[in-house]
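Enquirer: File my_file.txt follows (compact mmCIF, C-alpha atoms (C1' of nucleotides)):
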# COMPACT_ATOMS: atom_id res chain seq x y z
CA MET A 295 6.82 -17.26 -8.84
CA SER A 296 5.66 -13.87 -10.11
CA LEU A 297 9.05 -12.19 -9.96
CA ARG A 298 9.91 -14.18 -13.05
CA HIS A 299 6.96 -12.81 -14.96
CA GLY A 300 7.35 -9.37 -13.48
CA LEU A 301 10.84 -9.22 -14.94
CA LEU A 302 9.69 -10.57 -18.28
CA GLY A 303 6.88 -8.02 -18.37
CA LEU A 304 9.19 -5.13 -17.63
CA LEU A 305 11.65 -6.36 -20.24
CA ALA A 306 8.81 -6.50 -22.75
CA GLU A 307 8.81 -2.69 -22.61
CA GLY A 308 12.44 -2.65 -23.71
CA PRO A 309 15.94 -3.84 -22.80
CA ALA A 310 17.17 -3.18 -19.28
CA SER A 311 19.85 -4.33 -16.88
CA GLY A 312 19.31 -6.03 -13.55
CA TYR A 313 20.20 -2.76 -11.92
CA ASP A 314 17.55 -0.89 -13.93
CA LEU A 315 14.97 -3.52 -13.09
CA ALA A 316 15.85 -3.44 -9.41
CA ARG A 317 15.35 0.32 -9.43
CA ARG A 318 12.00 0.01 -11.17
CA PHE A 319 10.94 -2.62 -8.68
CA THR A 320 11.78 -0.47 -5.68
CA GLU A 321 10.44 2.77 -7.16
CA VAL A 322 7.21 1.74 -8.83
CA LEU A 323 6.50 -1.65 -7.34
CA GLY A 324 8.02 -1.24 -3.90
CA SER A 325 4.77 -1.28 -1.98
CA ILE A 326 2.96 -3.70 -4.29
CA TRP A 327 5.56 -6.30 -5.15
CA PRO A 328 8.88 -5.88 -3.33
CA ALA A 329 11.94 -7.59 -4.79
CA GLN A 330 15.56 -7.58 -3.67
CA HIS A 331 18.33 -7.22 -6.19
CA PRO A 332 19.97 -10.59 -5.45
CA LYS A 333 16.76 -12.33 -6.44
CA ILE A 334 16.47 -10.24 -9.58
CA TYR A 335 19.98 -11.05 -10.79
CA ALA A 336 19.50 -14.72 -10.00
CA GLU A 337 16.20 -14.85 -11.85
CA LEU A 338 17.63 -13.03 -14.86
CA ASN A 339 20.36 -15.66 -15.11
CA LYS A 340 17.76 -18.42 -14.97
CA LEU A 341 15.64 -16.68 -17.60
CA ALA A 342 18.69 -16.32 -19.84
CA ALA A 343 19.55 -20.01 -19.39
CA GLU A 344 16.01 -20.87 -20.46
CA GLY A 345 16.18 -18.60 -23.47
CA LEU A 346 13.36 -16.32 -22.34
CA VAL A 347 15.71 -13.35 -22.25
CA GLU A 348 19.13 -12.74 -23.79
CA VAL A 349 22.00 -10.34 -23.21
CA GLU A 350 21.42 -7.37 -25.45
CA SER A 351 24.60 -5.47 -24.66
CA GLU A 352 27.40 -5.23 -22.16
CA GLY A 353 28.20 -1.80 -20.85
CA PRO A 354 30.56 -0.12 -18.42
CA ARG A 355 30.92 -1.54 -14.89
CA ARG A 356 30.10 -5.07 -16.04
CA ARG A 357 26.62 -3.87 -16.88
CA LYS A 358 24.57 -6.41 -18.79
CA ALA A 359 21.39 -5.27 -20.47
CA TYR A 360 18.85 -7.98 -21.22
CA ARG A 361 16.34 -8.18 -24.03
CA ILE A 362 13.26 -10.37 -23.94
CA THR A 363 13.13 -13.09 -26.61
CA ASP A 364 10.12 -14.20 -28.64
CA ALA A 365 9.82 -17.20 -26.34
CA GLY A 366 9.85 -14.79 -23.43
CA VAL A 367 7.01 -12.74 -24.87
CA VAL A 368 5.01 -15.91 -25.44
CA GLU A 369 5.63 -16.90 -21.82
CA VAL A 370 4.42 -13.58 -20.30
CA LYS A 371 1.33 -13.66 -22.47
CA ARG A 372 0.66 -17.24 -21.49
CA TRP A 373 0.97 -16.23 -17.85
CA LEU A 374 -1.32 -13.24 -18.32
CA THR A 375 -4.04 -15.13 -20.09
CA GLU A 376 -3.86 -18.79 -19.08
CA VAL A 377 -2.52 -18.89 -15.55
CA ASP A 378 -5.02 -18.25 -12.77
CA VAL A 379 -4.55 -15.05 -10.83
CA ASP A 380 -3.16 -15.60 -7.35
CA HIS A 381 -5.34 -13.48 -5.09
CA THR A 382 -3.32 -14.17 -1.98
CA MET A 383 -3.13 -11.17 0.31
CA ARG A 384 -1.07 -11.14 3.44
CA LEU A 385 -1.76 -7.94 5.31
CA GLN A 386 -0.18 -7.86 8.71
CA PRO A 387 -2.01 -4.64 9.65
CA LEU A 388 -5.33 -6.45 9.25
CA LEU A 389 -4.14 -9.45 11.20
CA ARG A 390 -3.13 -7.08 13.97
CA SER A 391 -6.51 -5.40 13.92
CA LEU A 392 -8.08 -8.65 15.12
CA PHE A 393 -6.19 -8.11 18.35
CA PHE A 394 -6.92 -4.45 18.92
CA TRP A 395 -8.95 -5.44 21.97
CA MET A 396 -5.66 -6.33 23.69
CA MET A 397 -4.29 -2.80 23.35
CA ASP A 398 -4.82 0.18 25.64
CA THR A 399 -7.18 2.76 24.18
CA ASP A 400 -4.36 5.33 24.02
CA GLU A 401 -1.94 2.97 22.33
CA LEU A 402 -4.60 1.96 19.85
CA GLN A 403 -5.42 5.57 18.97
CA ARG A 404 -1.77 6.38 18.42
CA HIS A 405 -1.36 3.23 16.37
CA LEU A 406 -4.35 4.01 14.18
CA GLU A 407 -3.22 7.57 13.67
CA ALA A 408 0.22 6.41 12.56
CA GLU A 409 -1.36 3.87 10.23
CA ALA A 410 -3.70 6.46 8.74
CA THR A 411 -0.80 8.83 8.13
CA TYR A 412 1.29 6.09 6.55
CA TYR A 413 -1.46 5.05 4.16
CA ARG A 414 -2.48 8.61 3.39
CA GLU A 415 1.08 9.50 2.40
CA LEU A 416 1.37 6.49 0.14
CA ALA A 417 -1.99 7.30 -1.44
CA ASP A 418 -0.82 10.87 -2.01
CA GLN A 419 2.38 9.67 -3.63
CA TYR A 420 0.42 7.53 -6.02
CA ARG A 421 -1.97 10.41 -6.63
CA ASP A 422 0.95 12.69 -7.55
CA TYR A 423 2.27 10.04 -9.86
CA ALA A 424 -1.14 9.76 -11.51
CA ALA A 425 -1.38 13.53 -11.89
CA ARG A 426 2.00 13.67 -13.59
CA LYS A 427 0.95 10.88 -15.91
CA ASP A 428 -2.32 12.63 -16.68
CA ARG A 429 -0.39 15.82 -17.44
CA GLY A 430 1.42 13.80 -20.10
CA GLU A 431 4.75 13.76 -18.33
CA PHE A 432 5.37 10.12 -19.19
CA GLY A 433 3.90 10.18 -22.66
CA TYR A 434 0.89 8.30 -23.91
CA SER A 435 2.22 4.85 -24.73
CA GLU A 436 0.06 1.85 -23.92
CA GLN A 437 2.71 0.84 -21.37
CA THR A 438 2.32 4.05 -19.38
CA GLN A 439 -1.44 3.71 -19.75
CA SER A 440 -1.22 0.32 -18.00
CA MET A 441 1.01 1.87 -15.37
CA ARG A 442 -1.70 4.48 -14.86
CA VAL A 443 -4.18 1.71 -14.14
CA THR A 444 -1.81 0.12 -11.62
CA ILE A 445 -1.28 3.48 -9.95
CA GLU A 446 -5.03 3.97 -9.72
CA ALA A 447 -5.23 0.71 -7.80
CA GLY A 448 -2.56 1.99 -5.43
CA ILE A 449 -4.48 5.21 -4.87
CA ARG A 450 -7.75 3.42 -4.18
CA LEU A 451 -6.21 0.72 -2.01
CA TYR A 452 -4.21 3.03 0.21
CA SER A 453 -7.02 5.58 0.42
CA ALA A 454 -9.34 2.80 1.55
CA LEU A 455 -6.87 1.74 4.22
CA ALA A 456 -6.34 5.32 5.36
CA ASP A 457 -10.10 5.88 5.60
CA TRP A 458 -10.42 2.62 7.46
CA ALA A 459 -7.73 3.55 9.99
CA GLU A 460 -9.51 6.86 10.58
CA TRP A 461 -12.89 5.21 10.85
CA ALA A 462 -11.50 2.66 13.30
CA GLN A 463 -10.54 5.48 15.65
CA THR A 464 -14.22 6.27 16.05
CA VAL A 465 -15.23 2.72 16.93
CA PRO A 466 -15.83 2.20 20.66
CA PRO A 467 -13.80 -0.64 22.24
CA ALA A 468 -16.97 -2.57 23.09
CA LYS A 469 -20.72 -2.16 22.64
CA PRO A 470 -21.53 1.27 24.09
CA THR A 471 -23.59 1.71 27.24
CA SER A 472 -26.59 -0.55 26.99
CA PRO A 473 -28.71 -0.68 30.18
CA HIS A 474 -28.60 -4.44 30.58
CA THR A 475 -25.01 -5.26 29.55
CA ASN A 476 -22.39 -5.82 32.23
CA GLY A 477 -24.99 -5.16 34.85
CA MET B 80 6.76 -14.44 11.55
CA SER B 81 3.20 -13.25 12.14
CA LEU B 82 1.63 -16.71 12.25
CA ARG B 83 3.19 -17.06 15.67
CA HIS B 84 1.49 -13.93 16.95
CA GLY B 85 -1.69 -14.66 15.08
CA LEU B 86 -1.98 -17.92 16.98
CA LEU B 87 -1.14 -16.28 20.29
CA GLY B 88 -3.74 -13.61 19.64
CA LEU B 89 -6.44 -16.11 18.82
CA LEU B 90 -5.54 -18.15 21.91
CA ALA B 91 -5.80 -14.99 23.99
CA GLU B 92 -9.55 -15.17 23.33
CA GLY B 93 -9.68 -18.60 24.91
CA PRO B 94 -8.28 -22.14 24.66
CA ALA B 95 -8.41 -23.87 21.30
CA SER B 96 -6.87 -26.79 19.47
CA GLY B 97 -4.73 -26.63 16.37
CA TYR B 98 -7.70 -27.86 14.43
CA ASP B 99 -9.91 -25.07 15.78
CA LEU B 100 -7.25 -22.50 14.97
CA ALA B 101 -6.77 -23.87 11.46
CA ARG B 102 -10.52 -23.53 10.91
CA ARG B 103 -10.55 -19.97 12.19
CA PHE B 104 -7.61 -19.16 9.96
CA THR B 105 -9.30 -20.47 6.85
CA GLU B 106 -12.75 -19.08 7.68
CA VAL B 107 -12.03 -15.61 9.00
CA LEU B 108 -8.48 -14.97 7.90
CA GLY B 109 -8.37 -16.95 4.69
CA SER B 110 -8.13 -13.99 2.36
CA ILE B 111 -6.09 -11.80 4.70
CA TRP B 112 -3.58 -14.15 6.24
CA PRO B 113 -3.70 -17.69 4.86
CA ALA B 114 -2.12 -20.44 6.95
CA GLN B 115 -1.89 -24.18 6.33
CA HIS B 116 -2.53 -26.60 9.16
CA PRO B 117 0.95 -28.17 9.10
CA LYS B 118 2.46 -24.79 9.89
CA ILE B 119 -0.06 -24.17 12.64
CA TYR B 120 0.65 -27.43 14.42
CA ALA B 121 4.38 -26.91 14.08
CA GLU B 122 4.16 -23.40 15.46
CA LEU B 123 1.98 -24.50 18.36
CA ASN B 124 4.61 -27.04 19.35
CA LYS B 125 7.29 -24.37 19.23
CA LEU B 126 5.14 -21.99 21.27
CA ALA B 127 4.54 -24.73 23.84
CA ALA B 128 8.27 -25.49 24.02
CA GLU B 129 8.90 -21.81 24.71
CA GLY B 130 6.23 -21.67 27.38
CA LEU B 131 4.05 -19.14 25.57
CA VAL B 132 1.19 -21.61 25.40
CA GLU B 133 0.46 -24.81 27.29
CA VAL B 134 -1.77 -27.84 26.77
CA GLU B 135 -5.04 -27.09 28.48
CA SER B 136 -6.72 -30.43 27.90
CA GLU B 137 -6.54 -33.54 25.79
CA GLY B 138 -9.74 -34.67 24.16
CA PRO B 139 -10.99 -37.39 21.88
CA ARG B 140 -9.10 -38.15 18.66
CA ARG B 141 -5.76 -37.01 20.14
CA ARG B 142 -7.15 -33.53 20.35
CA LYS B 143 -4.96 -31.14 22.29
CA ALA B 144 -6.40 -27.80 23.31
CA TYR B 145 -3.90 -25.08 24.08
CA ARG B 146 -4.17 -22.20 26.52
CA ILE B 147 -2.06 -19.06 26.32
CA THR B 148 0.25 -18.47 29.29
CA ASP B 149 1.00 -15.16 31.00
CA ALA B 150 4.29 -15.05 29.11
CA GLY B 151 2.32 -15.56 25.92
CA VAL B 152 0.01 -12.65 26.66
CA VAL B 153 3.02 -10.45 27.38
CA GLU B 154 4.55 -11.51 24.06
CA VAL B 155 1.45 -10.66 21.95
CA LYS B 156 1.14 -7.30 23.64
CA ARG B 157 4.82 -6.62 23.07
CA TRP B 158 4.34 -7.46 19.42
CA LEU B 159 1.27 -5.26 19.15
CA THR B 160 2.81 -2.23 20.77
CA GLU B 161 6.58 -2.39 20.30
CA VAL B 162 7.21 -4.20 17.03
CA ASP B 163 6.92 -2.13 13.87
CA VAL B 164 4.02 -2.99 11.60
CA ASP B 165 5.10 -4.82 8.47
CA HIS B 166 3.26 -3.07 5.65
CA THR B 167 4.44 -5.45 2.98
CA MET B 168 1.81 -6.09 0.33
CA ARG B 169 2.25 -8.57 -2.44
CA LEU B 170 -0.69 -8.25 -4.80
CA GLN B 171 -0.26 -10.29 -7.93
CA PRO B 172 -3.35 -8.74 -9.54
CA LEU B 173 -1.68 -5.32 -9.38
CA LEU B 174 1.59 -6.64 -10.71
CA ARG B 175 -0.33 -8.13 -13.60
CA SER B 176 -2.09 -4.85 -14.26
CA LEU B 177 1.27 -3.32 -15.22
CA PHE B 178 1.22 -5.65 -18.19
CA PHE B 179 -2.35 -5.16 -19.35
CA TRP B 180 -0.98 -3.53 -22.49
CA MET B 181 0.22 -6.97 -23.60
CA MET B 182 -3.28 -8.44 -23.54
CA ASP B 183 -5.93 -8.35 -26.26
CA THR B 184 -8.73 -5.92 -25.51
CA ASP B 185 -11.22 -8.79 -25.31
CA GLU B 186 -9.09 -10.85 -23.00
CA LEU B 187 -8.50 -7.85 -20.80
CA GLN B 188 -12.20 -7.06 -20.55
CA ARG B 189 -12.98 -10.64 -19.60
CA HIS B 190 -10.17 -10.62 -17.11
CA LEU B 191 -11.31 -7.40 -15.48
CA GLU B 192 -14.88 -8.61 -15.30
CA ALA B 193 -13.81 -11.80 -13.57
CA GLU B 194 -11.67 -9.82 -11.17
CA ALA B 195 -14.49 -7.41 -10.40
CA THR B 196 -16.85 -10.30 -9.72
CA TYR B 197 -14.32 -12.02 -7.50
CA TYR B 198 -13.69 -8.93 -5.38
CA ARG B 199 -17.35 -7.98 -5.26
CA GLU B 200 -18.28 -11.40 -3.92
CA LEU B 201 -15.61 -11.25 -1.24
CA ALA B 202 -16.71 -7.74 -0.28
CA ASP B 203 -20.31 -8.98 -0.05
CA GLN B 204 -19.27 -11.88 2.15
CA TYR B 205 -17.53 -9.51 4.53
CA ARG B 206 -20.54 -7.20 4.39
CA ASP B 207 -22.85 -10.05 5.40
CA TYR B 208 -20.52 -10.94 8.22
CA ALA B 209 -20.55 -7.33 9.39
CA ALA B 210 -24.34 -7.18 9.22
CA ARG B 211 -24.64 -10.31 11.33
CA LYS B 212 -22.23 -8.84 13.86
CA ASP B 213 -24.16 -5.58 13.91
CA ARG B 214 -27.36 -7.52 14.50
CA GLY B 215 -25.69 -8.86 17.63
CA GLU B 216 -25.33 -12.39 16.36
CA PHE B 217 -21.83 -12.75 17.79
CA GLY B 218 -22.42 -10.83 20.98
CA TYR B 219 -20.80 -7.60 22.03
CA SER B 220 -17.47 -8.65 23.49
CA GLU B 221 -14.43 -6.50 22.81
CA GLN B 222 -13.03 -9.43 20.81
CA THR B 223 -15.93 -9.44 18.37
CA GLN B 224 -15.72 -5.66 18.23
CA SER B 225 -12.12 -5.98 17.01
CA MET B 226 -13.24 -8.59 14.54
CA ARG B 227 -15.81 -6.10 13.32
CA VAL B 228 -13.01 -3.63 12.63
CA THR B 229 -11.05 -6.25 10.69
CA ILE B 230 -14.13 -7.14 8.68
CA GLU B 231 -14.66 -3.49 7.86
CA ALA B 232 -11.16 -3.40 6.39
CA GLY B 233 -12.04 -6.41 4.28
CA ILE B 234 -15.19 -4.73 3.01
CA ARG B 235 -13.39 -1.53 2.12
CA LEU B 236 -10.38 -3.23 0.57
CA TYR B 237 -12.32 -5.60 -1.63
CA SER B 238 -14.86 -2.96 -2.57
CA ALA B 239 -12.01 -0.70 -3.62
CA LEU B 240 -10.53 -3.46 -5.75
CA ALA B 241 -13.91 -4.28 -7.29
CA ASP B 242 -14.49 -0.62 -8.12
CA TRP B 243 -11.01 -0.42 -9.55
CA ALA B 244 -11.53 -3.46 -11.78
CA GLU B 245 -14.76 -1.92 -13.05
CA TRP B 246 -13.16 1.46 -13.58
CA ALA B 247 -10.26 -0.16 -15.44
CA GLN B 248 -12.71 -1.54 -17.99
CA THR B 249 -13.51 2.02 -19.01
CA VAL B 250 -9.89 3.05 -19.54
CA PRO B 251 -8.87 3.18 -23.19
CA PRO B 252 -5.78 1.10 -24.09
CA ALA B 253 -3.85 4.22 -25.09
CA LYS B 254 -4.42 7.96 -25.20
CA PRO B 255 -7.71 8.49 -27.03
CA THR B 256 -7.93 10.23 -30.41
CA SER B 257 -5.61 13.17 -30.36
CA PRO B 258 -5.17 14.85 -33.78
CA HIS B 259 -1.39 14.64 -33.87
CA THR B 260 -0.69 11.24 -32.26
CA ASN B 261 0.13 8.29 -34.47
CA GLY B 262 -0.40 10.49 -37.46
C1' DC C 269 47.07 9.88 -8.30
C1' DA C 270 44.18 8.35 -4.69
C1' DT C 271 39.97 7.86 -2.86
C1' DG C 272 34.99 8.22 -1.80
C1' DG C 273 30.82 7.17 -3.71
C1' DA C 274 27.62 5.68 -7.15
C1' DC C 275 26.96 2.02 -10.35
C1' DA C 276 26.55 -2.96 -11.06
C1' DT C 277 26.48 -7.92 -10.08
C1' DG C 278 26.70 -11.36 -7.41
C1' DT C 279 27.16 -15.41 -3.11
C1' DC C 280 25.34 -17.38 0.95
C1' DC C 281 22.39 -18.63 4.60
C1' DC C 282 18.23 -18.74 6.95
C1' DT C 283 13.23 -18.65 7.57
C1' DA C 284 8.43 -18.70 5.88
C1' DG C 285 5.15 -20.83 3.24
C1' DG C 286 2.89 -24.18 -0.19
C1' DG C 287 1.49 -28.56 -0.68
C1' DA C 288 1.75 -33.67 -1.02
C1' DC C 289 1.51 -37.37 1.89
C1' DA C 290 0.86 -40.16 6.33
C1' DT C 291 -1.65 -41.54 10.34
C1' DA C 292 -4.59 -41.98 14.37
C1' DT C 293 -9.27 -41.66 16.28
C1' DC C 294 -14.00 -41.48 16.66
C1' DT C 295 -19.01 -41.48 14.93
C1' DG C 296 -22.82 -42.83 12.48
C1' DA C 297 -25.13 -45.29 8.82
C1' DG C 298 -26.19 -49.64 6.96
C1' DC D 204 -19.62 -55.32 12.62
C1' DT D 205 -17.79 -52.66 9.03
C1' DC D 206 -16.56 -48.93 6.76
C1' DA D 207 -16.98 -44.16 4.97
C1' DG D 208 -16.15 -39.79 6.47
C1' DA D 209 -15.16 -36.23 9.72
C1' DT D 210 -12.00 -35.00 13.30
C1' DA D 211 -7.27 -34.26 14.59
C1' DT D 212 -2.21 -34.10 14.28
C1' DG D 213 1.59 -34.50 12.15
C1' DT D 214 6.23 -35.37 8.55
C1' DC D 215 8.70 -34.06 4.57
C1' DC D 216 10.38 -31.62 0.72
C1' DC D 217 10.73 -27.81 -2.15
C1' DT D 218 10.62 -22.94 -3.48
C1' DA D 219 10.30 -17.95 -2.51
C1' DG D 220 11.96 -14.28 -0.09
C1' DG D 221 14.75 -11.42 3.40
C1' DG D 222 18.97 -9.77 4.28
C1' DA D 223 23.99 -9.76 5.39
C1' DC D 224 28.06 -9.74 3.01
C1' DA D 225 31.49 -9.59 -1.04
C1' DT D 226 33.30 -7.81 -5.28
C1' DG D 227 34.23 -5.32 -9.40
C1' DT D 228 34.05 -0.83 -12.11
C1' DC D 229 33.96 3.82 -13.18
C1' DC D 230 33.83 8.89 -12.26
C1' DA D 231 34.47 13.15 -9.94
C1' DT D 232 36.98 15.68 -6.69
C1' DG D 233 40.90 17.25 -4.27
Now, as a test, write the supplied structure out as structure tokens.
Expert:
Amino acid sequence: MSLRHGLLGLLAEGPASGYDLARRFTEVLGSIWPAQHPKIYAELNKLAAEGLVEVESEGPRRRKAYRITDAGVVEVKRWLTEVDVDHTMRLQPLLRSLFFWMMDTDELQRHLEAEATYYRELADQYRDYAARKDRGEFGYSEQTQSMRVTIEAGIRLYSALADWAEWAQTVPPAKPTSPHTNG
Amino acid sequence: MSLRHGLLGLLAEGPASGYDLARRFTEVLGSIWPAQHPKIYAELNKLAAEGLVEVESEGPRRRKAYRITDAGVVEVKRWLTEVDVDHTMRLQPLLRSLFFWMMDTDELQRHLEAEATYYRELADQYRDYAARKDRGEFGYSEQTQSMRVTIEAGIRLYSALADWAEWAQTVPPAKPTSPHTNG
DNA sequence: CATGGACATGTCCCTAGGGACATATCTGAG
DNA sequence: CTCAGATATGTCCCTAGGGACATGTCCATG
């Protein structure tokens, strides 16, 4: 149930509407913590009912901006400091890699190339983002400083995966010619 | 729905029972693709009903070993080659890092140290595994070669995260002393 | 003034996954 | 013989998440 705390955390930076939050989730968090807008609106209503956030203002087009309450701030901090980190990873690409031996060599090479490209592009995106931050484009608040740390993780993670996909292309399908194997 | 194909893939290496598969999932795939035994048994029954696997033998303690069928092999290969890779990542530690600015410096340092240790240990585990494979301990089949590739991803991923957690400890909470900020 | 498109918020249904609980079977130690 | 503990397979319920679909509101353009 991290969406809840993700929303609270984002709202701790300042008031925002569900629409704003949905945009931030797809733009910044898209590849790290995807969230669909229906879930976001639903969760915001729950949070409001529990008094962790409140409606700050109503704008045009039925827009409702939410503000985090003191109780909400307490709750995020509790989550950050007292709740164990959930290290669950669910990486389909790695699951698939267990079964590479079932693929033709050609198919596998094409697959790995596509994977490498995909990861490399994502890494580059994050790198650009980091460069803009480092140029001061987003200011020097502690919030953007944290974002910089998150972005760095994205860079390192996706670079590692890109490198891996490239490295994997050089791995022979089975133990290379050894005089006494298969013979 | 990758559990389905994960099971098919593992069964493609040879017959196994739900219990065997559950063990393999927790041992090898635990940190990459967790799966609980109830889901595994349920999925195996579905797969059997669809003719993608069949009961190979019944052993002591109600043990049922399953064997993949030709249709099952076709299905894994179809998945591997024709179905788009799902790149979804859901990394709570990175989501949390967006909110590091809400934590005390001390708490954050402790947190990052614990994270670094956690990732370093996992990376080491995978490294050991890789070393044993490279020593030939698991033979030289194409299946173990694929496993070697998966393990390499684990090493690189967790090393990257460990490095990141260490690097993050050196990042100042906000822009360091600049003459005209906050003044 | 009408209408396409962006803004904004939702409902609904279905599947995947977490986890507590239940149960049967066999082995080995005492 | 008994009983703890490992092996082995399940049921059940609840929540999280994906995604299709619905609706309301405002603005710019012709």
Enquirer: Can you measure C1' of DG272 in chain C to C1' of DC229 in chain D for me? One decimal in Å is fine.
Expert: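 Value for the C1' of DG272 in chain C-C1' of DC229 in chain D distance: 12.2 Å.
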Enquirer: Find the residues near range 286-293 of chain C: any atom within 10 Å, counting all atoms listed in the file, skip ones fewer than 6 places away on the same chain, and give them as an MDAnalysis selection string.
Expert: (chainID B and resid 114:115 117 139:142) or (chainID D and resid 210:219)
Enquirer: Please provide as number ranges by chain all residues within 9 Å of Ala144 in chain B, with the sequence filter that same-chain residues fewer than 4 positions apart are discarded (counting only C-alpha atoms (C1' of nucleotides)).
Expert: B: 94-99, 133-138
Enquirer: Please indicate the distance in Å from CA of Tyr205 in chain B to CA of Glu231 in chain B, rounded to one decimal place.
Expert: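 Taking CA of Tyr205 in chain B and CA of Glu231 in chain B, their separation equals 7.5 Å.
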Enquirer: Residues of chain C no more than 12 Å from chain A, counting all atoms listed in the file: send them over as a list of chain:residue names.
Expert: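 The complete set of qualifying residues is C:DA274, C:DC275, C:DA276, C:DT277, C:DG278, C:DT279, C:DC280, C:DG285, C:DG286.
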Enquirer: Would you list which chain D residues are within 12 Å of chain A using only C-alpha atoms (C1' of nucleotides), as a ChimeraX atom specification?
Expert: /D:218-224,226-230
Enquirer: Between CA of Asp428 in chain A and CA of Leu236 in chain B, measure the distance and give it in Å to one decimal.
Expert: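 Straight-line distance from CA of Asp428 in chain A to CA of Leu236 in chain B works out to 24.8 Å.
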Enquirer: Got a sec to pull out which chain B residues are within 7 Å of chain A, counting only C-alpha atoms, and send them as a PDB file with C-alpha atoms, in the frame of the given file?
Expert:
ATOM      1  CA  GLY B  85      -1.690 -14.660  15.080  1.00  0.00           C
ATOM      2  CA  GLY B  88      -3.740 -13.610  19.640  1.00  0.00           C
ATOM      3  CA  SER B 110      -8.130 -13.990   2.360  1.00  0.00           C
ATOM      4  CA  ILE B 111      -6.090 -11.800   4.700  1.00  0.00           C
ATOM      5  CA  TRP B 112      -3.580 -14.150   6.240  1.00  0.00           C
ATOM      6  CA  LYS B 156       1.140  -7.300  23.640  1.00  0.00           C
ATOM      7  CA  VAL B 164       4.020  -2.990  11.600  1.00  0.00           C
ATOM      8  CA  ASP B 165       5.100  -4.820   8.470  1.00  0.00           C
ATOM      9  CA  HIS B 166       3.260  -3.070   5.650  1.00  0.00           C
ATOM     10  CA  THR B 167       4.440  -5.450   2.980  1.00  0.00           C
ATOM     11  CA  MET B 168       1.810  -6.090   0.330  1.00  0.00           C
ATOM     12  CA  ARG B 169       2.250  -8.570  -2.440  1.00  0.00           C
ATOM     13  CA  LEU B 170      -0.690  -8.250  -4.800  1.00  0.00           C
ATOM     14  CA  GLN B 171      -0.260 -10.290  -7.930  1.00  0.00           C
ATOM     15  CA  PRO B 172      -3.350  -8.740  -9.540  1.00  0.00           C
ATOM     16  CA  LEU B 173      -1.680  -5.320  -9.380  1.00  0.00           C
ATOM     17  CA  LEU B 174       1.590  -6.640 -10.710  1.00  0.00           C
ATOM     18  CA  SER B 176      -2.090  -4.850 -14.260  1.00  0.00           C
ATOM     19  CA  LEU B 177       1.270  -3.320 -15.220  1.00  0.00           C
ATOM     20  CA  PHE B 178       1.220  -5.650 -18.190  1.00  0.00           C
ATOM     21  CA  PHE B 179      -2.350  -5.160 -19.350  1.00  0.00           C
ATOM     22  CA  TRP B 180      -0.980  -3.530 -22.490  1.00  0.00           C
ATOM     23  CA  MET B 181       0.220  -6.970 -23.600  1.00  0.00           C
ATOM     24  CA  TYR B 219     -20.800  -7.600  22.030  1.00  0.00           C
ATOM     25  CA  SER B 220     -17.470  -8.650  23.490  1.00  0.00           C
ATOM     26  CA  GLU B 221     -14.430  -6.500  22.810  1.00  0.00           C
ATOM     27  CA  GLN B 222     -13.030  -9.430  20.810  1.00  0.00           C
ATOM     28  CA  GLN B 224     -15.720  -5.660  18.230  1.00  0.00           C
ATOM     29  CA  SER B 225     -12.120  -5.980  17.010  1.00  0.00           C
ATOM     30  CA  MET B 226     -13.240  -8.590  14.540  1.00  0.00           C
ATOM     31  CA  VAL B 228     -13.010  -3.630  12.630  1.00  0.00           C
ATOM     32  CA  THR B 229     -11.050  -6.250  10.690  1.00  0.00           C
ATOM     33  CA  ALA B 232     -11.160  -3.400   6.390  1.00  0.00           C
ATOM     34  CA  ARG B 235     -13.390  -1.530   2.120  1.00  0.00           C
ATOM     35  CA  LEU B 236     -10.380  -3.230   0.570  1.00  0.00           C
ATOM     36  CA  ALA B 239     -12.010  -0.700  -3.620  1.00  0.00           C
ATOM     37  CA  TRP B 243     -11.010  -0.420  -9.550  1.00  0.00           C
ATOM     38  CA  ALA B 247     -10.260  -0.160 -15.440  1.00  0.00           C
ATOM     39  CA  PRO B 252      -5.780   1.100 -24.090  1.00  0.00           C
ATOM     40  CA  ALA B 253      -3.850   4.220 -25.090  1.00  0.00           C
ATOM     41  CA  LYS B 254      -4.420   7.960 -25.200  1.00  0.00           C
TER      42      LYS B 254
END
Enquirer: Can you tell me, as a ChimeraX atom specification, what residues are no more than 12 Å from DG233 in chain D when counting all atoms listed in the file, ignoring any on the same chain fewer than 5 positions away?
Expert: /C:269-272
Enquirer: Could you give me, as a VMD selection string, the residues that have an atom at most 10 Å away from the point (12.2, -17.2, -22.1) in the coordinates of the file, using only C-alpha atoms (C1' of nucleotides)?
Expert: chain A and resid 298 to 299 302 338 340 to 348 362 to 370
